[in-house]
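In what follows, a single structure is set out as structure tokens and then discussed.
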Amino acid sequence: MIGAGIFALIGQVAEFAGSAVPWAFLAAAVVVAFSSYSYIRYSSTNPSSGGIAMLLKAAYGPGVVAGTFSLFMYVSMVLAEGLLARTFGTYLLRPFDMQGSAVWVAALAVAAIVAAATVNLVGNTVVESAVTVTAVVKLVGIAVMAVAGIAATGISALPRSLSGNDQPSSSHGWWGFLAGVALCILAYKGFTTITNQGDDIRDPQRNIARSIVIAIGVCTLIYLLLAVAVAGSLSVPEILRARDYALAEAAAPLFGPAGVWLTVGIAIVATVSGLVASLFAVSRLYDMLRDMGQVPGLPDSVTRQSLLITSALAIGTATAFDLGRIAALGAMLYLSMDIAIHWGMIRHLRCDVDIKLWVPAGAIALDLLVLVPFVVMVFRTNPTTLAITVAVAVVIALAQWITVRHRTPARG
């Protein structure tokens with residue numbers, strides 16, 4: 001779950017939240033804690049490789065609504081893969097001062113996706129081994145960076161980093177802070193992929209919940225420490241100037257050139273391992289949607305269709321959009337889907353799954369609390385991104401309406 005999102009998102013969040021970046025990550029953890037409840041309760045009761053898609057199908061039936069929001073989730077995951085890939089390219093080019101090259105960033109992003117897809121094509125055993133090893137390296141590396149960053153800035157600087165008293169506050173006020181929280185949620189949403197592993201997890205009724213809670217807790221601690229370290233090393237204007245590679249920029253004054261290379265190395269491991277794991281999980285989600293008749297497939301002669309389709313879409317995303325636009329699109333689609341999940345639990349599944357209604361209701365309220373300001377801020381600062389999001393949502397909904405109308409009875 002801990003991946004490259006944190007490498008790219010700190011700078012994006014600072015654009016909205018200013019010096020309150022650490023508090024934005026902490027607030028996002030609260031939102032995600034409420035949000036995870038519905039996923040935990042349903043997936044523990046009905047574990048499967050479909051996870052979210054099966055939850056939406058159970059809540060809304062195999063129709064337009066379930067298909068639309070399932071595809072919102074799928075597209076947000078593909079966007080996350082584009083984010084990982086572009087982060088890989090940006091950080092790899094940072095030591096050569098070429099991180100601003102749109103051509104090279106896109107080329108390296110494509111190379112990263114192709115490499116991750118190739119690893120997945122080799123087989124599940126290789127994927128499991130690679131993900132396990134790189135996950136350990138990634139976790140240890142990011143944790144060391146966080147702790148070392150705090151130590152380098154000095155423990156006495158911790159209150160200053162958290163308060164931001166010597167930093168310019170965001171000109172967007174509370175709306176900007178809440179919009180920043182919406183972006184921070186992207187760094188945590190990896191917990192949803194755990195729900196797609198119900199068929200593979202031993203004792204899923206118990207271990208799905210445990211895995212999600214531990215993942216969110218560890219992420220919260222590490223993200224908060226990293227955000228504080230960056231805020232202690234760089235001013236807000238400096239973070240904004242290096243918003244796509246803020247962690248590498250923060251490492252320079254703290255640890256010198258060696259620190260930059262170390263950060264780049266950890267970012268490469270994090271992004272590549274994240275891509276390998278994400279392509280595996282998202283491809284399984286596409287398989288489930290195809291089995292449900294919600295998405296098309298390739299001719300039967302083509303093997304590993306879902307992996308090829310997902311990889312191609314990720315390449316398209318990584319080459320078409322920059323990091324800021326990818327993050328914004330992903331946040332709006334994910335939060336919309338998340339609201340549908342919780343409403344489905346309250347409205348349709350409360351008799352089938354043992355839940356406390358106030359928790360998903362609170363999750364909806366918190367999602368709206370951050371989504372509405374984010375949409376407003378995107379409309380003010382980058383209306384094209386909002387227009388693209390609306391267009392994607394409309395295309396998905398129309399495609400699902402057409403698909404359902406022409407679905408064969410066997411799949412209906």
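We name chains A, B, ... following the order of the structure tokens; residues begin at 1 in each chain, and ligands are numbered from 1 as shown.
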Might you pull out every residue within 10 Å of region 299-306 of chain A, with only C-alpha atoms counted and same-chain residues fewer than 6 positions away left off, and present them as a tab-separated table (two decimals) with N, CA and C atoms, in the first residue's frame?
chain	number	residue	atom	x	y	z
A	120	ASN	N	4.65	-9.23	-14.77
A	120	ASN	CA	3.37	-9.89	-14.54
A	120	ASN	C	3.13	-11.02	-15.53
A	121	LEU	N	3.59	-10.86	-16.76
A	121	LEU	CA	3.40	-11.90	-17.77
A	121	LEU	C	4.21	-13.15	-17.44
A	279	LEU	N	-0.68	-3.45	-11.41
A	279	LEU	CA	-1.11	-4.09	-12.65
A	279	LEU	C	-1.73	-5.46	-12.37
A	280	PHE	N	-1.16	-6.17	-11.42
A	280	PHE	CA	-1.70	-7.48	-11.04
A	280	PHE	C	-3.10	-7.33	-10.46
A	282	VAL	N	-5.24	-4.64	-10.52
A	282	VAL	CA	-6.21	-3.96	-11.37
A	282	VAL	C	-6.64	-4.86	-12.52
A	283	SER	N	-5.72	-5.68	-13.00
A	283	SER	CA	-6.09	-6.64	-14.06
A	283	SER	C	-7.12	-7.64	-13.55
A	284	ARG	N	-7.00	-8.04	-12.32
A	284	ARG	CA	-8.00	-8.95	-11.74
A	284	ARG	C	-9.35	-8.27	-11.62
A	285	LEU	N	-9.35	-6.98	-11.30
A	285	LEU	CA	-10.61	-6.25	-11.25
A	285	LEU	C	-11.24	-6.20	-12.64
A	286	TYR	N	-10.42	-5.99	-13.66
A	286	TYR	CA	-10.96	-5.96	-15.04
A	286	TYR	C	-11.53	-7.33	-15.41
A	287	ASP	N	-10.85	-8.39	-15.00
A	287	ASP	CA	-11.36	-9.75	-15.25
A	287	ASP	C	-12.75	-9.92	-14.65
A	288	MET	N	-12.90	-9.45	-13.43
A	288	MET	CA	-14.19	-9.56	-12.75
A	288	MET	C	-15.25	-8.76	-13.49
A	289	LEU	N	-14.92	-7.56	-13.91
A	289	LEU	CA	-15.88	-6.73	-14.64
A	289	LEU	C	-16.24	-7.36	-15.98
A	290	ARG	N	-15.29	-8.00	-16.62
A	290	ARG	CA	-15.56	-8.66	-17.90
A	290	ARG	C	-16.47	-9.87	-17.68
A	312	ALA	N	-2.07	-0.90	-21.48
A	312	ALA	CA	-2.23	0.06	-22.58
A	312	ALA	C	-2.90	1.34	-22.09
Next item on the list: Would you list, as an NGL selection string, the residues of region 136-297 of chain A that end up in helix (DSSP H, G or I) under DSSP run on this structure's backbone?
Entry: :A and (136-153 or 155-163 or 173-197 or 204-233 or 236-241 or 246-255 or 257-291)
Checklist line | Proximity to Ser211 (chain A) - best of A:Leu183, A:Ile40, A:Val372, A:Leu240, only C-alpha atoms | finding: A:Ile40
Next item on the list: Please provide the set of residues having any atom within 8 Å of Thr192 (chain A), restricted to only C-alpha atoms, with same-chain residues fewer than 6 positions apart removed, written as a list in words.
Entry: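 Surrounding residues, per the criterion: Ser36, Tyr39 and Ile52 of chain A.
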Dump N, CA and C atoms for the selected residues as a compact mmCIF listing (two decimals), in the first residue's frame?
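Now in out.txt:
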# COMPACT_ATOMS: atom_id res chain seq x y z
N SER A 36 -12.71 3.05 5.22
CA SER A 36 -12.31 1.64 5.16
C SER A 36 -13.33 0.71 5.80
N TYR A 39 -15.59 -1.24 3.34
CA TYR A 39 -14.81 -2.23 2.60
C TYR A 39 -14.47 -3.43 3.49
N ILE A 52 -14.37 -4.70 -4.71
CA ILE A 52 -15.22 -3.53 -4.89
C ILE A 52 -16.30 -3.78 -5.92
With only C-alpha atoms counted and 9 Å as the cut-off, give the residues of region 55-96 of chain A in contact with region 344-368 of chain A, each with its shortest interatomic distance in Å and the pair that gives it, as JSON lines.
{"residue": "A:Leu55", "atom": "CA", "partner": "A:Gly344", "partner_atom": "CA", "distance": 8.3}
{"residue": "A:Leu56", "atom": "CA", "partner": "A:Gly344", "partner_atom": "CA", "distance": 7.1}
{"residue": "A:Ala58", "atom": "CA", "partner": "A:Leu349", "partner_atom": "CA", "distance": 7.6}
{"residue": "A:Ala59", "atom": "CA", "partner": "A:Gly344", "partner_atom": "CA", "distance": 5.0}
{"residue": "A:Tyr60", "atom": "CA", "partner": "A:Gly344", "partner_atom": "CA", "distance": 6.9}
Show me, as a Markdown table, the residues of region 258-354 of chain A having an atom within 9 Å of region 135-146 of chain A, each with the closest atom pair and its distance in Å, using only C-alpha atoms.
| residue | atom | partner | partner_atom | distance |
| --- | --- | --- | --- | --- |
| A:Leu262 | CA | A:Gly141 | CA | 8.7 |
| A:Thr263 | CA | A:Met145 | CA | 7.7 |
| A:Ile266 | CA | A:Gly141 | CA | 6.1 |
| A:Ala267 | CA | A:Lys138 | CA | 8.1 |
| A:Val269 | CA | A:Lys138 | CA | 6.3 |
| A:Ala270 | CA | A:Lys138 | CA | 5.5 |
| A:Ser273 | CA | A:Ala135 | CA | 7.0 |
| A:Gly274 | CA | A:Ala135 | CA | 8.5 |
Next item on the list: Find the residue from A:Gly61, A:Gly180, A:Gly265, A:Pro373 that sits nearest to Phe25 (chain A); use only C-alpha atoms when measuring.
Entry: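 Ranked by minimum distance to Phe25 (chain A), first place goes to A:Gly180.
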Next item on the list: Determine the nearest neighbour of Ala277 (chain A) from the options A:Glu15, A:Glu81, A:Asp338, A:Asp291, counting only C-alpha atoms.
Entry: A:Glu81
Next item on the list: Choose the residue, out of A:Pro257, A:Gly173, A:Pro62, A:Gly316, that has the smallest atom-to-atom separation from Gly293 (chain A); count only C-alpha atoms.
Entry: A:Pro62
Note to self: When you count only C-alpha atoms, which of these residues is closest to Ala28 (chain A): A:Leu371, A:Ile150, A:Ile268, A:Leu247?
What the structure shows: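 Smallest distance to Ala28 (chain A) is found for A:Leu371.
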Margin query: I'd like the contact shell of Val376 (chain A) - 10 Å cut-off, only C-alpha atoms, skipping same-chain residues fewer than 5 positions apart - returned as an NGL selection string.
Written below: :A and (175-176 or 179 or 371 or 381-383 or 386)
Item checked: Given only C-alpha atoms as the counted atoms, nearest of A:Phe379, A:Tyr74, A:Phe16, A:Tyr91 to Asp244 (chain A) ->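 Closest to Asp244 (chain A), using only C-alpha atoms: A:Tyr91.
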Please, which residues in region 266-348 of chain A fall within 9 Å of region 6-10 of chain A when counting only C-alpha atoms, and what is the closest atom pair and distance in Å to one decimal for each, ordered by chain then residue number, as a tab-separated table?
residue	atom	partner	partner_atom	distance
A:Ala267	CA	A:Phe7	CA	7.0
A:Leu323	CA	A:Ala8	CA	7.4
A:Gly324	CA	A:Leu9	CA	8.6
A:Ala327	CA	A:Leu9	CA	7.9
Residue subset to file, keeping C-alpha atoms, as a PDB file, in the first residue's frame:
ATOM      1  CA  ALA A 267      11.582   6.244  -5.503  1.00  0.00           C
ATOM      2  CA  LEU A 323       1.160  14.489 -12.528  1.00  0.00           C
ATOM      3  CA  GLY A 324      -1.136  17.247 -11.325  1.00  0.00           C
ATOM      4  CA  ALA A 327      -3.890  13.244  -9.367  1.00  0.00           C
TER       5      ALA A 327
END
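Computed from the coordinates, the CA of Ser336 (chain A) to CA of Ala117 (chain A) distance equals 28.4 Å.
The gap separating CA of Tyr245 (chain A) from CA of Ala318 (chain A) is 16.2 Å, in Å to one decimal.
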Next item on the list: Record the distance separating CA of Ala29 (chain A) and CA of Tyr188 (chain A), expressed in Å with one decimal.
Entry: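 Computing the Euclidean distance for CA of Ala29 (chain A) and CA of Tyr188 (chain A) yields 7.5 Å.
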